[in-house]
$ cat upload_23.pdb   # PDB, C-alpha atoms
MODEL        1
ATOM      1  CA  MET A   1      10.374  16.608 -19.925
ATOM      2  CA  THR A   2      11.925  15.675 -16.565
ATOM      3  CA  ASP A   3       9.989  14.733 -13.450
ATOM      4  CA  ILE A   4      11.039  17.927 -11.701
ATOM      5  CA  GLU A   5       9.827  20.070 -14.608
ATOM      6  CA  LEU A   6       6.492  18.245 -14.596
ATOM      7  CA  ILE A   7       6.160  18.640 -10.833
ATOM      8  CA  GLU A   8       6.733  22.382 -11.162
ATOM      9  CA  LYS A   9       3.969  22.494 -13.764
ATOM     10  CA  VAL A  10       1.632  20.568 -11.468
ATOM     11  CA  LYS A  11       2.389  23.015  -8.670
ATOM     12  CA  SER A  12       1.367  25.856 -10.958
ATOM     13  CA  GLY A  13      -1.958  24.142 -11.657
ATOM     14  CA  ASN A  14      -1.278  22.073 -14.774
ATOM     15  CA  GLU A  15      -3.283  18.881 -14.340
ATOM     16  CA  ASN A  16      -2.103  17.383 -17.600
ATOM     17  CA  ALA A  17       1.430  17.350 -16.241
ATOM     18  CA  PHE A  18       0.199  15.237 -13.362
ATOM     19  CA  ARG A  19      -1.437  12.796 -15.750
ATOM     20  CA  ILE A  20       1.904  12.387 -17.528
ATOM     21  CA  LEU A  21       3.542  11.545 -14.192
ATOM     22  CA  VAL A  22       0.811   9.000 -13.399
ATOM     23  CA  GLU A  23       1.267   7.338 -16.781
ATOM     24  CA  ARG A  24       5.042   7.386 -16.366
ATOM     25  CA  TYR A  25       5.026   5.624 -13.001
ATOM     26  CA  GLU A  26       1.873   3.507 -12.928
ATOM     27  CA  LYS A  27       3.654   0.336 -14.084
ATOM     28  CA  LYS A  28       6.360   0.706 -11.470
ATOM     29  CA  ILE A  29       3.784   1.214  -8.737
ATOM     30  CA  ALA A  30       1.681  -1.669 -10.073
ATOM     31  CA  LYS A  31       4.616  -4.029  -9.606
ATOM     32  CA  VAL A  32       4.984  -3.058  -5.967
ATOM     33  CA  VAL A  33       1.305  -2.912  -5.059
ATOM     34  CA  ILE A  34       0.148  -5.982  -6.986
ATOM     35  CA  GLY A  35       3.256  -7.823  -5.820
ATOM     36  CA  LEU A  36       2.303  -7.105  -2.220
ATOM     37  CA  LEU A  37      -1.485  -7.381  -2.396
ATOM     38  CA  GLY A  38      -2.070  -9.706  -5.321
ATOM     39  CA  ASN A  39      -4.093  -8.998  -8.397
ATOM     40  CA  THR A  40      -7.008  -7.577  -6.479
ATOM     41  CA  VAL A  41      -9.476  -4.727  -6.497
ATOM     42  CA  GLU A  42      -7.819  -3.509  -3.292
ATOM     43  CA  ALA A  43      -4.499  -3.276  -5.133
ATOM     44  CA  GLU A  44      -6.071  -1.015  -7.750
ATOM     45  CA  ASP A  45      -7.494   1.224  -5.013
ATOM     46  CA  VAL A  46      -4.180   1.411  -3.201
ATOM     47  CA  GLY A  47      -2.447   2.198  -6.486
ATOM     48  CA  GLN A  48      -4.794   5.133  -7.079
ATOM     49  CA  GLU A  49      -4.325   6.282  -3.510
ATOM     50  CA  VAL A  50      -0.544   6.385  -3.991
ATOM     51  CA  PHE A  51      -0.929   9.056  -6.653
ATOM     52  CA  VAL A  52      -3.664  10.942  -4.790
ATOM     53  CA  ARG A  53      -1.412  11.031  -1.724
ATOM     54  CA  PHE A  54       1.448  12.298  -3.858
ATOM     55  CA  PHE A  55      -0.756  15.014  -5.363
ATOM     56  CA  ARG A  56      -1.880  16.169  -1.926
ATOM     57  CA  LYS A  57       1.677  16.428  -0.667
ATOM     58  CA  ILE A  58       3.379  17.495  -3.857
ATOM     59  CA  ASN A  59       4.747  20.616  -2.180
ATOM     60  CA  ALA A  60       6.518  18.419   0.353
ATOM     61  CA  PHE A  61       8.461  16.616  -2.379
ATOM     62  CA  LYS A  62      11.940  18.115  -2.246
ATOM     63  CA  GLY A  63      13.555  15.911  -4.857
ATOM     64  CA  GLU A  64      16.014  14.425  -2.364
ATOM     65  CA  SER A  65      15.256  10.984  -3.764
ATOM     66  CA  SER A  66      14.024  10.169  -7.240
ATOM     67  CA  LEU A  67      10.278  10.389  -7.793
ATOM     68  CA  GLY A  68      10.192   6.628  -8.464
ATOM     69  CA  THR A  69      11.732   5.926  -5.067
ATOM     70  CA  TYR A  70       9.427   8.424  -3.366
ATOM     71  CA  LEU A  71       6.309   6.873  -4.916
ATOM     72  CA  THR A  72       7.555   3.354  -4.183
ATOM     73  CA  ARG A  73       7.885   4.294  -0.518
ATOM     74  CA  ILE A  74       4.298   5.578  -0.437
ATOM     75  CA  ALA A  75       3.145   2.411  -2.226
ATOM     76  CA  ILE A  76       4.888   0.167   0.317
ATOM     77  CA  ASN A  77       3.408   2.040   3.281
ATOM     78  CA  LEU A  78      -0.129   2.033   1.902
ATOM     79  CA  SER A  79       0.126  -1.623   0.892
ATOM     80  CA  LEU A  80       1.334  -2.629   4.353
ATOM     81  CA  ASN A  81      -1.587  -0.701   5.852
ATOM     82  CA  GLU A  82      -3.923  -2.613   3.549
ATOM     83  CA  ILE A  83      -2.369  -5.939   4.591
ATOM     84  CA  LYS A  84      -2.978  -5.021   8.246
ATOM     85  CA  ARG A  85      -6.546  -4.046   7.415
ATOM     86  CA  GLN A  86      -7.106  -7.361   5.644
ATOM     87  CA  LYS A  87      -5.748  -9.236   8.647
ATOM     88  CA  ARG A  88      -8.080  -7.365  10.985
ATOM     89  CA  ARG A  89     -11.012  -8.054   8.674
ATOM     90  CA  GLN A  90     -10.062 -11.706   8.451
ATOM     91  CA  TRP A  91      -9.838 -11.927  12.223
ATOM     92  CA  LEU A  92     -13.233 -10.250  12.623
ATOM     93  CA  LEU A  93     -14.893 -12.559  10.139
ATOM     94  CA  PHE A  94     -13.132 -15.627  11.533
ATOM     95  CA  SER A  95     -12.392 -16.546   7.962
ATOM     96  CA  LEU A  96     -10.047 -19.432   7.293
ATOM     97  CA  GLU A  97      -9.434 -18.364   3.736
ATOM     98  CA  SER A  98      -6.666 -15.836   3.174
ATOM     99  CA  PRO A  99      -8.164 -12.617   1.739
ATOM    100  CA  SER A 100      -5.387 -12.231  -0.775
ATOM    101  CA  VAL A 101      -5.824 -15.761  -2.071
ATOM    102  CA  LYS A 102      -9.581 -15.215  -2.164
ATOM    103  CA  SER A 103      -9.200 -11.985  -4.111
ATOM    104  CA  GLN A 104      -6.778 -13.656  -6.473
ATOM    105  CA  LYS A 105      -9.804 -15.017  -8.310
ATOM    106  CA  SER A 106     -10.554 -11.499  -9.514
ATOM    107  CA  THR A 107     -10.297 -11.135 -13.248
ATOM    108  CA  HIS A 108     -10.347  -7.354 -13.402
ATOM    109  CA  PHE A 109      -6.746  -6.962 -14.485
ATOM    110  CA  ASN A 110      -4.931  -7.272 -17.725
ATOM    111  CA  TYR A 111      -1.928  -9.441 -17.554
ATOM    112  CA  GLU A 112      -0.369 -11.794 -19.983
ATOM    113  CA  ASN A 113      -0.022 -15.516 -19.504
ATOM    114  CA  THR A 114      -1.822 -15.458 -16.222
ATOM    115  CA  ASP A 115      -0.851 -18.868 -14.970
ATOM    116  CA  PHE A 116       2.865 -18.520 -14.283
ATOM    117  CA  GLN A 117       2.598 -15.015 -12.974
ATOM    118  CA  ALA A 118      -0.362 -15.922 -10.779
ATOM    119  CA  ILE A 119       1.557 -18.874  -9.384
ATOM    120  CA  ILE A 120       4.482 -16.667  -8.352
ATOM    121  CA  LEU A 121       2.182 -13.938  -6.994
ATOM    122  CA  SER A 122       0.227 -16.468  -5.007
ATOM    123  CA  ALA A 123       3.451 -17.822  -3.494
ATOM    124  CA  ILE A 124       4.592 -14.299  -2.592
ATOM    125  CA  GLN A 125       1.226 -13.627  -0.908
ATOM    126  CA  ARG A 126       1.901 -16.534   1.405
ATOM    127  CA  LEU A 127       4.983 -14.879   2.869
ATOM    128  CA  LYS A 128       4.682 -12.828   6.045
ATOM    129  CA  ALA A 129       4.385  -9.090   5.355
ATOM    130  CA  ASP A 130       7.993  -8.236   6.293
ATOM    131  CA  PHE A 131       9.358 -10.898   3.989
ATOM    132  CA  ARG A 132       6.820 -10.153   1.287
ATOM    133  CA  VAL A 133       7.993  -6.560   0.971
ATOM    134  CA  VAL A 134      11.599  -7.631   0.643
ATOM    135  CA  ALA A 135      10.690 -10.363  -1.872
ATOM    136  CA  VAL A 136       8.749  -7.933  -4.063
ATOM    137  CA  LEU A 137      11.483  -5.317  -4.052
ATOM    138  CA  ARG A 138      14.301  -7.800  -4.629
ATOM    139  CA  PHE A 139      12.707 -10.316  -6.991
ATOM    140  CA  VAL A 140       9.952  -8.402  -8.764
ATOM    141  CA  GLU A 141      11.241  -4.828  -8.804
ATOM    142  CA  GLU A 142      14.859  -6.056  -9.100
ATOM    143  CA  TYR A 143      16.250  -3.625  -6.527
ATOM    144  CA  SER A 144      19.657  -4.433  -5.042
ATOM    145  CA  ALA A 145      19.938  -5.332  -1.358
ATOM    146  CA  GLN A 146      21.369  -1.888  -0.607
ATOM    147  CA  GLU A 147      18.588  -0.096  -2.515
ATOM    148  CA  THR A 148      16.003  -2.196  -0.691
ATOM    149  CA  ALA A 149      17.609  -1.361   2.652
ATOM    150  CA  ASP A 150      17.546   2.347   1.794
ATOM    151  CA  LEU A 151      13.920   2.198   0.694
ATOM    152  CA  LEU A 152      12.732   0.352   3.769
ATOM    153  CA  LYS A 153      15.121   2.189   6.090
ATOM    154  CA  LEU A 154      16.411  -1.134   7.383
ATOM    155  CA  PRO A 155      19.968  -2.301   8.036
ATOM    156  CA  LEU A 156      21.533  -4.078   5.084
ATOM    157  CA  GLY A 157      22.012  -7.249   7.152
ATOM    158  CA  THR A 158      18.301  -7.404   7.943
ATOM    159  CA  VAL A 159      17.416  -7.117   4.264
ATOM    160  CA  GLN A 160      19.927  -9.817   3.375
ATOM    161  CA  SER A 161      18.616 -12.241   5.981
ATOM    162  CA  ARG A 162      14.982 -11.571   5.025
ATOM    163  CA  THR A 163      15.877 -12.040   1.367
ATOM    164  CA  ALA A 164      17.486 -15.379   2.139
ATOM    165  CA  ARG A 165      14.489 -16.587   4.137
ATOM    166  CA  ALA A 166      12.002 -15.337   1.541
ATOM    167  CA  ARG A 167      14.009 -17.061  -1.169
ATOM    168  CA  GLU A 168      14.041 -20.307   0.782
ATOM    169  CA  ARG A 169      10.278 -20.195   1.397
ATOM    170  CA  LEU A 170       9.537 -19.361  -2.246
ATOM    171  CA  ARG A 171      11.714 -22.264  -3.349
ATOM    172  CA  GLU A 172       9.656 -24.566  -1.144
ATOM    173  CA  LEU A 173       6.390 -23.194  -2.525
ATOM    174  CA  LEU A 174       7.387 -23.194  -6.194
ATOM    175  CA  LYS A 175       9.449 -26.359  -6.351
ATOM    176  CA  LYS A 176       6.536 -28.537  -7.386
ATOM    177  CA  TYR A 177       5.893 -26.432 -10.475
ATOM    178  CA  VAL A 178       9.490 -26.791 -11.617
ATOM    179  CA  ASP A 179       9.472 -30.523 -10.977
ATOM    180  CA  ASN A 180       6.423 -30.782 -13.211
ATOM    181  CA  GLU A 181       8.178 -29.075 -16.091
TER     182      GLU A 181
ATOM    183  CA  MET B   1       4.727 -14.227 -18.073
ATOM    184  CA  ASN B   2       5.593 -17.299 -20.075
ATOM    185  CA  LYS B   3       7.241 -20.504 -18.952
ATOM    186  CA  GLU B   4      10.725 -19.129 -19.679
ATOM    187  CA  GLY B   5      10.018 -16.135 -17.443
ATOM    188  CA  PHE B   6       8.930 -18.452 -14.675
ATOM    189  CA  LEU B   7      12.072 -20.527 -15.037
ATOM    190  CA  ARG B   8      14.212 -17.391 -14.940
ATOM    191  CA  PHE B   9      12.481 -16.442 -11.717
ATOM    192  CA  TRP B  10      13.188 -19.931 -10.397
ATOM    193  CA  GLU B  11      16.847 -19.598 -11.406
ATOM    194  CA  LYS B  12      16.991 -16.403  -9.407
ATOM    195  CA  LEU B  13      15.752 -18.291  -6.357
ATOM    196  CA  ILE B  14      18.169 -21.182  -6.618
ATOM    197  CA  ASN B  15      21.144 -19.263  -7.938
ATOM    198  CA  PRO B  16      21.066 -15.743  -6.422
ATOM    199  CA  LYS B  17      24.512 -14.726  -7.661
ATOM    200  CA  GLN B  18      23.604 -14.941 -11.327
ATOM    201  CA  GLU B  19      23.969 -11.920 -13.556
ATOM    202  CA  LYS B  20      21.024  -9.632 -12.749
ATOM    203  CA  LYS B  21      19.974  -8.914 -16.305
ATOM    204  CA  ALA B  22      19.979 -12.568 -17.244
ATOM    205  CA  MET B  23      17.475 -13.289 -14.509
ATOM    206  CA  GLN B  24      14.734 -10.787 -15.196
ATOM    207  CA  ALA B  25      11.462 -12.616 -15.037
ATOM    208  CA  ASP B  26       9.327 -10.301 -17.177
ATOM    209  CA  PHE B  27       6.587  -9.553 -14.706
ATOM    210  CA  ALA B  28       3.678  -7.952 -16.497
ATOM    211  CA  LEU B  29       1.896  -6.527 -13.490
ATOM    212  CA  GLN B  30      -0.289  -3.625 -14.410
ATOM    213  CA  PHE B  31      -3.431  -1.837 -13.391
ATOM    214  CA  GLN B  32      -6.517  -1.551 -15.552
ATOM    215  CA  ALA B  33      -6.156   0.337 -18.790
ATOM    216  CA  ASN B  34      -8.086   3.365 -17.504
ATOM    217  CA  PHE B  35      -6.006   3.681 -14.339
ATOM    218  CA  ALA B  36      -4.764   7.198 -15.086
ATOM    219  CA  ASN B  37      -8.328   8.378 -15.772
ATOM    220  CA  LYS B  38      -9.493   7.070 -12.421
ATOM    221  CA  VAL B  39      -6.655   8.819 -10.629
ATOM    222  CA  MET B  40      -7.453  12.072 -12.403
ATOM    223  CA  GLN B  41     -11.135  11.731 -11.444
ATOM    224  CA  LYS B  42     -10.076  11.481  -7.817
ATOM    225  CA  ILE B  43      -7.827  14.499  -8.242
ATOM    226  CA  HIS B  44     -10.807  16.495  -9.560
ATOM    227  CA  LEU B  45     -12.882  15.398  -6.565
ATOM    228  CA  LEU B  46     -10.015  16.304  -4.288
ATOM    229  CA  LYS B  47      -9.746  19.763  -5.780
ATOM    230  CA  SER B  48     -13.480  20.309  -5.449
ATOM    231  CA  GLN B  49     -13.225  19.078  -1.835
ATOM    232  CA  GLN B  50     -15.559  16.159  -2.410
ATOM    233  CA  TYR B  51     -12.944  13.504  -1.810
ATOM    234  CA  LEU B  52     -12.148  12.198   1.642
ATOM    235  CA  ASP B  53      -9.357   9.716   1.894
ATOM    236  CA  LEU B  54      -9.223   6.992   4.498
ATOM    237  CA  GLU B  55      -6.976   9.002   6.810
ATOM    238  CA  GLU B  56      -9.508  11.820   6.953
ATOM    239  CA  ILE B  57     -12.380   9.405   7.571
ATOM    240  CA  LYS B  58     -10.384   7.798  10.369
ATOM    241  CA  TRP B  59      -9.636  11.200  11.875
ATOM    242  CA  ILE B  60     -13.317  12.212  11.818
ATOM    243  CA  PHE B  61     -14.258   8.897  13.434
ATOM    244  CA  TYR B  62     -11.521   9.398  16.020
ATOM    245  CA  ARG B  63     -12.813  12.847  16.919
ATOM    246  CA  PHE B  64     -16.364  11.572  17.384
ATOM    247  CA  ALA B  65     -15.071   8.674  19.471
ATOM    248  CA  LEU B  66     -13.132  11.106  21.671
ATOM    249  CA  ALA B  67     -16.129  13.377  22.069
ATOM    250  CA  GLY B  68     -18.299  10.390  23.045
ATOM    251  CA  SER B  69     -15.700   9.191  25.523
ATOM    252  CA  SER B  70     -15.507  12.654  27.062
ATOM    253  CA  LEU B  71     -19.258  12.723  27.595
ATOM    254  CA  ALA B  72     -19.241   9.222  29.075
ATOM    255  CA  LEU B  73     -16.417  10.201  31.418
ATOM    256  CA  VAL B  74     -18.263  13.274  32.664
ATOM    257  CA  LEU B  75     -21.420  11.270  33.296
ATOM    258  CA  LEU B  76     -19.440   8.608  35.112
ATOM    259  CA  ILE B  77     -17.663  11.104  37.355
ATOM    260  CA  TYR B  78     -20.882  12.875  38.305
ATOM    261  CA  THR B  79     -22.740   9.632  38.851
ATOM    262  CA  PHE B  80     -20.204   8.384  41.361
ATOM    263  CA  ILE B  81     -19.026  11.589  43.017
ATOM    264  CA  ASP B  82     -22.075  13.750  43.485
ATOM    265  CA  ALA B  83     -25.274  12.414  41.981
ATOM    266  CA  ASP B  84     -27.310  15.322  43.391
ATOM    267  CA  SER B  85     -25.473  17.909  41.337
ATOM    268  CA  LEU B  86     -26.006  16.080  38.017
ATOM    269  CA  ASP B  87     -28.042  18.333  35.779
ATOM    270  CA  VAL B  88     -28.118  18.723  32.027
ATOM    271  CA  SER B  89     -26.600  22.200  31.831
ATOM    272  CA  THR B  90     -23.626  21.223  33.993
ATOM    273  CA  VAL B  91     -22.973  18.096  31.958
ATOM    274  CA  LEU B  92     -23.243  19.942  28.678
ATOM    275  CA  GLY B  93     -20.961  22.691  29.948
ATOM    276  CA  LEU B  94     -18.329  20.211  31.039
ATOM    277  CA  THR B  95     -18.622  18.265  27.795
ATOM    278  CA  ASN B  96     -17.973  21.478  25.910
ATOM    279  CA  ASP B  97     -14.912  22.071  28.066
ATOM    280  CA  PHE B  98     -13.639  18.583  27.315
ATOM    281  CA  SER B  99     -14.293  19.057  23.631
ATOM    282  CA  ASP B 100     -12.425  22.362  23.633
ATOM    283  CA  ILE B 101      -9.473  20.817  25.398
ATOM    284  CA  PHE B 102      -9.188  17.594  23.406
ATOM    285  CA  LEU B 103     -10.651  18.357  20.030
ATOM    286  CA  GLY B 104     -10.447  22.062  19.451
ATOM    287  CA  PHE B 105     -14.132  22.263  18.530
TER     288      PHE B 105
ENDMDL
END
$ encode --input "upload_23.pdb" --output "structure tokens"
Amino acid sequence: MTDIELIEKVKSGNENAFRILVERYEKKIAKVVIGLLGNTVEAEDVGQEVFVRFFRKINAFKGESSLGTYLTRIAINLSLNEIKRQKRRQWLLFSLESPSVKSQKSTHFNYENTDFQAIILSAIQRLKADFRVVAVLRFVEEYSAQETADLLKLPLGTVQSRTARARERLRELLKKYVDNE
Amino acid sequence: MNKEGFLRFWEKLINPKQEKKAMQADFALQFQANFANKVMQKIHLLKSQQYLDLEEIKWIFYRFALAGSSLALVLLIYTFIDADSLDVSTVLGLTNDFSDIFLGF
């Protein structure tokens, strides 16, 4: 059954159709949200909120973009809000430890071969938010530069320059692990 | 992700023009196994109007903050302009006016 057919069913009150959509897209959204926020409890909450937000505004979904793109956009916006909130909290608490790195110790999530993935995630968390978004979309979600530009509503040149700088910074951060191989 | 996945990711960083498919790093990022159940629980709460999301909480807080500011403003104006005419009924009346204008209460 297509996304549009399921959405029509949800609009007519079929909750099971919504569950199918959640199960269909949760991995895609997990990549974006966990990529941006780390493997944290906050990421799980934001992930749930993405789908709740979609449910609330399901009548506003016109199908102009694919559902995956639509949900990814919501996930990016909510994740960026969460990053801002974490920064404010960090500032208020005068904490020297980055909240995302701190939360990285959480073991609530299932993922395979934690070490390598955690190393990459931790490096991505150290990028500034603007670069982090681009890095997640380009390197984790595997979107093209043009797709990333469309998603973020940014000029292609901006995405390309941010990609280059994110790539350079990640190389610096991850180099030591490659040298140890 | 295993070591090979990590090295593919590294290749992507040092050699961006490589064939896309050859570079996929096999990220296994996923939520908890009962993720869909938790979302559906929230949907039930939403439908029964027991669920307030952060935006709604912020909006409620914002409205209270505006109402408080309105009251403070009225008190300030009356304190400095005409202290003799400051009485409770006048202040309450003006606060109601402010609330009607700004908040639609």
$ residues_around --input "upload_23.pdb" --residues "Phe27 in chain B" --least-positions-apart "5" --cutoff "12 Å" --atoms "all atoms listed in the file" --output "PDB file with C-alpha atoms, in the frame of the given file"
ATOM      1  CA  LYS A  27       3.654   0.336 -14.084  1.00  0.00           C
ATOM      2  CA  LYS A  28       6.360   0.706 -11.470  1.00  0.00           C
ATOM      3  CA  ALA A  30       1.681  -1.669 -10.073  1.00  0.00           C
ATOM      4  CA  LYS A  31       4.616  -4.029  -9.606  1.00  0.00           C
ATOM      5  CA  VAL A  32       4.984  -3.058  -5.967  1.00  0.00           C
ATOM      6  CA  ILE A  34       0.148  -5.982  -6.986  1.00  0.00           C
ATOM      7  CA  GLY A  35       3.256  -7.823  -5.820  1.00  0.00           C
ATOM      8  CA  TYR A 111      -1.928  -9.441 -17.554  1.00  0.00           C
ATOM      9  CA  GLU A 112      -0.369 -11.794 -19.983  1.00  0.00           C
ATOM     10  CA  ASN A 113      -0.022 -15.516 -19.504  1.00  0.00           C
ATOM     11  CA  THR A 114      -1.822 -15.458 -16.222  1.00  0.00           C
ATOM     12  CA  ASP A 115      -0.851 -18.868 -14.970  1.00  0.00           C
ATOM     13  CA  PHE A 116       2.865 -18.520 -14.283  1.00  0.00           C
ATOM     14  CA  GLN A 117       2.598 -15.015 -12.974  1.00  0.00           C
ATOM     15  CA  ALA A 118      -0.362 -15.922 -10.779  1.00  0.00           C
ATOM     16  CA  ILE A 119       1.557 -18.874  -9.384  1.00  0.00           C
ATOM     17  CA  ILE A 120       4.482 -16.667  -8.352  1.00  0.00           C
ATOM     18  CA  LEU A 121       2.182 -13.938  -6.994  1.00  0.00           C
ATOM     19  CA  VAL A 136       8.749  -7.933  -4.063  1.00  0.00           C
ATOM     20  CA  PHE A 139      12.707 -10.316  -6.991  1.00  0.00           C
ATOM     21  CA  VAL A 140       9.952  -8.402  -8.764  1.00  0.00           C
ATOM     22  CA  GLU A 141      11.241  -4.828  -8.804  1.00  0.00           C
ATOM     23  CA  GLU A 142      14.859  -6.056  -9.100  1.00  0.00           C
TER      24      GLU A 142
ATOM     25  CA  MET B   1       4.727 -14.227 -18.073  1.00  0.00           C
ATOM     26  CA  ASN B   2       5.593 -17.299 -20.075  1.00  0.00           C
ATOM     27  CA  LYS B   3       7.241 -20.504 -18.952  1.00  0.00           C
ATOM     28  CA  GLU B   4      10.725 -19.129 -19.679  1.00  0.00           C
ATOM     29  CA  GLY B   5      10.018 -16.135 -17.443  1.00  0.00           C
ATOM     30  CA  PHE B   6       8.930 -18.452 -14.675  1.00  0.00           C
ATOM     31  CA  ARG B   8      14.212 -17.391 -14.940  1.00  0.00           C
ATOM     32  CA  PHE B   9      12.481 -16.442 -11.717  1.00  0.00           C
TER      33      PHE B   9
END
$ resolve_selection --input "upload_23.pdb" --expression "the PyMOL selection byres ((chain B) within 9 of (chain A))" --output "PDB file with C-alpha atoms, in the frame of the given file"
ATOM      1  CA  MET B   1       4.727 -14.227 -18.073  1.00  0.00           C
ATOM      2  CA  ASN B   2       5.593 -17.299 -20.075  1.00  0.00           C
ATOM      3  CA  LYS B   3       7.241 -20.504 -18.952  1.00  0.00           C
ATOM      4  CA  GLY B   5      10.018 -16.135 -17.443  1.00  0.00           C
ATOM      5  CA  PHE B   6       8.930 -18.452 -14.675  1.00  0.00           C
ATOM      6  CA  LEU B   7      12.072 -20.527 -15.037  1.00  0.00           C
ATOM      7  CA  PHE B   9      12.481 -16.442 -11.717  1.00  0.00           C
ATOM      8  CA  TRP B  10      13.188 -19.931 -10.397  1.00  0.00           C
ATOM      9  CA  LYS B  12      16.991 -16.403  -9.407  1.00  0.00           C
ATOM     10  CA  LEU B  13      15.752 -18.291  -6.357  1.00  0.00           C
ATOM     11  CA  ILE B  14      18.169 -21.182  -6.618  1.00  0.00           C
ATOM     12  CA  PRO B  16      21.066 -15.743  -6.422  1.00  0.00           C
ATOM     13  CA  LYS B  20      21.024  -9.632 -12.749  1.00  0.00           C
ATOM     14  CA  GLN B  24      14.734 -10.787 -15.196  1.00  0.00           C
ATOM     15  CA  ALA B  25      11.462 -12.616 -15.037  1.00  0.00           C
ATOM     16  CA  ASP B  26       9.327 -10.301 -17.177  1.00  0.00           C
ATOM     17  CA  PHE B  27       6.587  -9.553 -14.706  1.00  0.00           C
ATOM     18  CA  ALA B  28       3.678  -7.952 -16.497  1.00  0.00           C
ATOM     19  CA  LEU B  29       1.896  -6.527 -13.490  1.00  0.00           C
ATOM     20  CA  GLN B  30      -0.289  -3.625 -14.410  1.00  0.00           C
ATOM     21  CA  PHE B  31      -3.431  -1.837 -13.391  1.00  0.00           C
ATOM     22  CA  GLN B  32      -6.517  -1.551 -15.552  1.00  0.00           C
ATOM     23  CA  ALA B  33      -6.156   0.337 -18.790  1.00  0.00           C
ATOM     24  CA  PHE B  35      -6.006   3.681 -14.339  1.00  0.00           C
ATOM     25  CA  ALA B  36      -4.764   7.198 -15.086  1.00  0.00           C
ATOM     26  CA  ASN B  37      -8.328   8.378 -15.772  1.00  0.00           C
ATOM     27  CA  LYS B  38      -9.493   7.070 -12.421  1.00  0.00           C
ATOM     28  CA  VAL B  39      -6.655   8.819 -10.629  1.00  0.00           C
ATOM     29  CA  MET B  40      -7.453  12.072 -12.403  1.00  0.00           C
ATOM     30  CA  LYS B  42     -10.076  11.481  -7.817  1.00  0.00           C
ATOM     31  CA  ILE B  43      -7.827  14.499  -8.242  1.00  0.00           C
ATOM     32  CA  LEU B  46     -10.015  16.304  -4.288  1.00  0.00           C
ATOM     33  CA  ASP B  53      -9.357   9.716   1.894  1.00  0.00           C
TER      34      ASP B  53
END
$ resolve_selection --input "upload_23.pdb" --expression "the PyMOL selection byres ((chain A and resi 58-65) around 10)" --output "NGL selection string"
:A and (3-4 or 7-8 or 10-11 or 51-57 or 66-71 or 151)
$ closest_residue --input "upload_23.pdb" --among "A:Leu6, A:Val159, A:Val46, A:Ala17" --to "Asn77 in chain A" --atoms "only C-alpha atoms"
A:Val46
$ atom_distance --input "upload_23.pdb" --atom1 "CA of Ala67 in chain B" --atom2 "CA of Arg88 in chain A"
24.9 Å
$ axis_aligned_box --input "upload_23.pdb" --around "range 36-49 of chain A" --padding-each-side "6 Å" --output "JSON"
{"center_x": -3.6, "center_y": -1.7, "center_z": -5.3, "size_x": 23.8, "size_y": 28.0, "size_z": 18.2}
$ atom_distance --input "upload_23.pdb" --atom1 "CA of Ala149 in chain A" --atom2 "CA of Gln125 in chain A"
20.8 Å
$ atom_distance --input "upload_23.pdb" --atom1 "CA of Glu56 in chain B" --atom2 "CA of Lys153 in chain A"
26.5 Å
$ closest_residue --input "upload_23.pdb" --among "A:Asn81, A:Thr72, A:Ser12, A:Thr2" --to "Leu137 in chain A" --atoms "all atoms listed in the file"
A:Thr72
